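Let me begin by presenting the structure, written as structure tokens, before commenting on it.
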Amino acid sequence: MPLGVPGGTFAKLAPVSTRASTPPVVAVVGATASGKSALALDLAQRLGGEIVNTDSMQVYRGMDIGTAKLPPHERRGIPHHLLDLLEVTEPATVAQFQGWARDVIADCHRRDVTPVLVGGSALYVRAILDEFEFPGTDAGVRARLEEELAQVGAEAMHARLVEVDPAAAGQMLPQNGRRVVRALEVIEITGEPWTPTLPEQTYHYEGAVQVGVDIERATLDARIERRVEEMWSAGFVDEVRGLAERGLREGRTSHRALGYQQVLALIDGEITEQQAMEQTVNRTRRFARRQDGWFRKDPRIHWVAHDDPERVGKALEVIRPDPGVKRAVRDVGFTP
């Protein structure tokens, strides 16, 4: 599995002094469009670190504009991991992503490099950072249930879940067929109720640090609207049209991405372009509110204001690199 960006340009590292301890695992979290990527790049530069993507949709090749994936020339020469790994037809699960990310983190630690995680998929961040185990899976059971889903629909499958595990059914939308199938699969494999509750907030990595980007709602709403306008100007509709030709509609995971569903509806003549843009803005705003609500429940997160000129320094204070040890800093013209 490729760890960095294929064909990417990597900056040279200054000599790294020998450390007695493992570099921390840093995660930059917060709502979409809050400025996480810029802060993560700043921290990676200061720490001689590397970026580890935790956005569930940026793993797909070609899903660039709609996921706000930084193009290589904007990555400041810093290695980026877990980008462009899959075709849009390939499914991805949280459990898979956890394994990929922990492999990358282990590789960074072997090289005495600080991994800086960044992305908007809150569950993925928790799965990587915390003690987080997943129930097993069975390909045969999953395939049979997915075939049933295709035949009878999500709501019928949800009704079936209500009969066998009403508590689990009450915690998911009847239209969320993928989640319903997963619950039914776990119940069939284990013979136990499906418990969609999260584990205790216990870090898997000693010294893990989460830095949250704090931004007021009105400013975030305006940023989201501007981002969607920029997506359209950058050729988002053409991107989706090309991905549709490569099987985007058949992708179990990829086709659910915000904006992509709306543009597919536009291409199919179901809605107008203006409606597609408005729906993308509104749904992204709702998603951002859910993200913020998720992260606010984690008291371990250290928050910095998105527009605080001292945000990098404040973040570094809580990351607390070993005193007296000079970390590698990339020679890319960064001025603290």
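Every chain in the structure tokens has a letter given in the order shown (A, B, ...), and although residue numbers restart at 1 in each chain, ligands are simply numbered from 1 in the order shown.
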Item to check | Near-Tyr124 of chain A list (8 Å; only C-alpha atoms; drop same-chain fewer than 5 positions) as a PyMOL selection string | outcome: chain A and resi 54-56+94+97-98
Next on the checklist: Taking 6 positions as the minimum chain separation for residues in the same chain, which residues sit within 12 Å of Trp232 of chain A when counting only C-alpha atoms? Answer as number ranges by chain.
Outcome noted: A: 65-66, 68, 225-226, 238-240, 259-260, 263, 273-274, 276-278, 280-281
Checklist entry - Which of these, A:Thr67, A:Ser34, A:Thr22, A:Thr93, has the shortest distance to His109 of chain A once you count only C-alpha atoms? => result A:Thr22
Checklist entry - Skipping near chain neighbours, those fewer than 5 positions away, what residues fall within 10 Å of Leu264 of chain A using only C-alpha atoms, listed as a list in words? => result Val237, Val240, Arg241, Leu243, Ala244, Leu248, Arg249, His255, Gly259, Gly269, Glu270, Ile271 and Ala276 of chain A
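Between Ala143 of chain A and the residues A:Leu83, A:Ala257, A:Val181, A:Val29, the shortest atom-to-atom distance, using only C-alpha atoms, involves A:Val181.
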Please identify the strand (DSSP E) residues within segment 79-280 of chain A (assignment by DSSP from backbone atoms) and present them as an mmCIF file with C-alpha atoms, in the first residue's frame.
data_model
loop_
_atom_site.group_PDB
_atom_site.id
_atom_site.type_symbol
_atom_site.label_atom_id
_atom_site.label_comp_id
_atom_site.auth_asym_id
_atom_site.auth_seq_id
_atom_site.Cartn_x
_atom_site.Cartn_y
_atom_site.Cartn_z
ATOM 1 C CA HIS A 80 0.631 13.170 2.557
ATOM 2 C CA HIS A 81 -0.658 9.665 3.297
ATOM 3 C CA PRO A 115 2.116 12.024 12.187
ATOM 4 C CA VAL A 116 -0.398 14.873 11.892
ATOM 5 C CA LEU A 117 -3.895 13.551 11.251
ATOM 6 C CA VAL A 118 -6.414 15.822 9.542
ATOM 7 C CA VAL A 209 -3.074 15.233 21.171
ATOM 8 C CA GLN A 210 -6.184 16.633 19.500
ATOM 9 C CA VAL A 211 -6.323 20.267 18.395
ATOM 10 C CA GLY A 212 -9.722 21.610 17.407
ATOM 11 C CA VAL A 213 -10.336 24.570 15.106
ATOM 12 C CA ASP A 214 -13.006 26.780 16.654
#
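Closest approach to Val28 of chain A among A:Ile105, A:Met63, A:Val125, A:Val180 is made by A:Val125 (distances from only C-alpha atoms).
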Checklist entry - Could you work out how far atom CA of Ala95 of chain A lies from atom CA of Gly177 of chain A, giving the answer in Å with one decimal? => result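 Distance between the two atoms: 18.4 Å.
Interatomic distance, atom CA of Val318 of chain A to atom CA of Leu41 of chain A: 16.7 Å.
Using only C-alpha atoms for every distance, the candidate list A:Gly62, A:Pro79, A:Gly136, A:Gly251 yields A:Gly136 as the residue closest to Arg182 of chain A.
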Checklist outcome for this item: From atom CA of His306 of chain A to atom CA of Ile215 of chain A the spacing works out at 5.7 Å
Checklist entry - Counting only C-alpha atoms, what is within 9 Å of Ala288 of chain A, bar same-chain residues fewer than 3 positions away, as number ranges by chain? => result A: 30-33, 120, 220-221, 283-285, 291-293
Keeping only N, CA and C atoms, write those residues as a compact mmCIF listing (two decimals), in the first residue's frame.
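File written: result.txt
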# COMPACT_ATOMS: atom_id res chain seq x y z
N GLY A 30 -12.26 19.34 13.61
CA GLY A 30 -13.19 20.46 13.52
C GLY A 30 -14.10 20.31 12.32
N ALA A 31 -14.96 21.26 12.14
CA ALA A 31 -15.94 21.20 11.07
C ALA A 31 -15.31 21.42 9.71
N THR A 32 -15.99 20.93 8.67
CA THR A 32 -15.53 21.16 7.31
C THR A 32 -15.48 22.65 7.03
N ALA A 33 -14.45 23.08 6.30
CA ALA A 33 -14.25 24.47 5.89
C ALA A 33 -13.82 25.38 7.03
N GLY A 120 -12.23 15.41 8.05
CA GLY A 120 -13.52 15.70 8.67
C GLY A 120 -14.33 14.51 9.11
N LEU A 220 -18.63 30.18 9.45
CA LEU A 220 -18.52 28.86 8.81
C LEU A 220 -19.55 28.71 7.70
N ASP A 221 -20.79 29.15 7.93
CA ASP A 221 -21.82 29.06 6.91
C ASP A 221 -21.41 29.82 5.65
N ARG A 283 -26.80 20.89 2.87
CA ARG A 283 -26.44 19.62 3.47
C ARG A 283 -25.03 19.67 4.08
N THR A 284 -24.15 20.44 3.46
CA THR A 284 -22.82 20.59 4.03
C THR A 284 -22.88 21.35 5.34
N ARG A 285 -23.75 22.36 5.41
CA ARG A 285 -23.91 23.10 6.67
C ARG A 285 -24.45 22.19 7.77
N GLN A 291 -20.67 17.52 12.79
CA GLN A 291 -19.25 17.37 13.10
C GLN A 291 -18.89 18.12 14.39
N ASP A 292 -19.31 19.37 14.44
CA ASP A 292 -18.98 20.20 15.59
C ASP A 292 -19.58 19.60 16.87
N GLY A 293 -20.83 19.12 16.78
CA GLY A 293 -21.45 18.51 17.94
C GLY A 293 -20.70 17.27 18.41
Checklist entry - Which is closest to Val25 of chain A among A:Leu129, A:Ala183, A:Leu316, A:Val162, if we use only C-alpha atoms? => result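 Closest candidate: A:Leu129.
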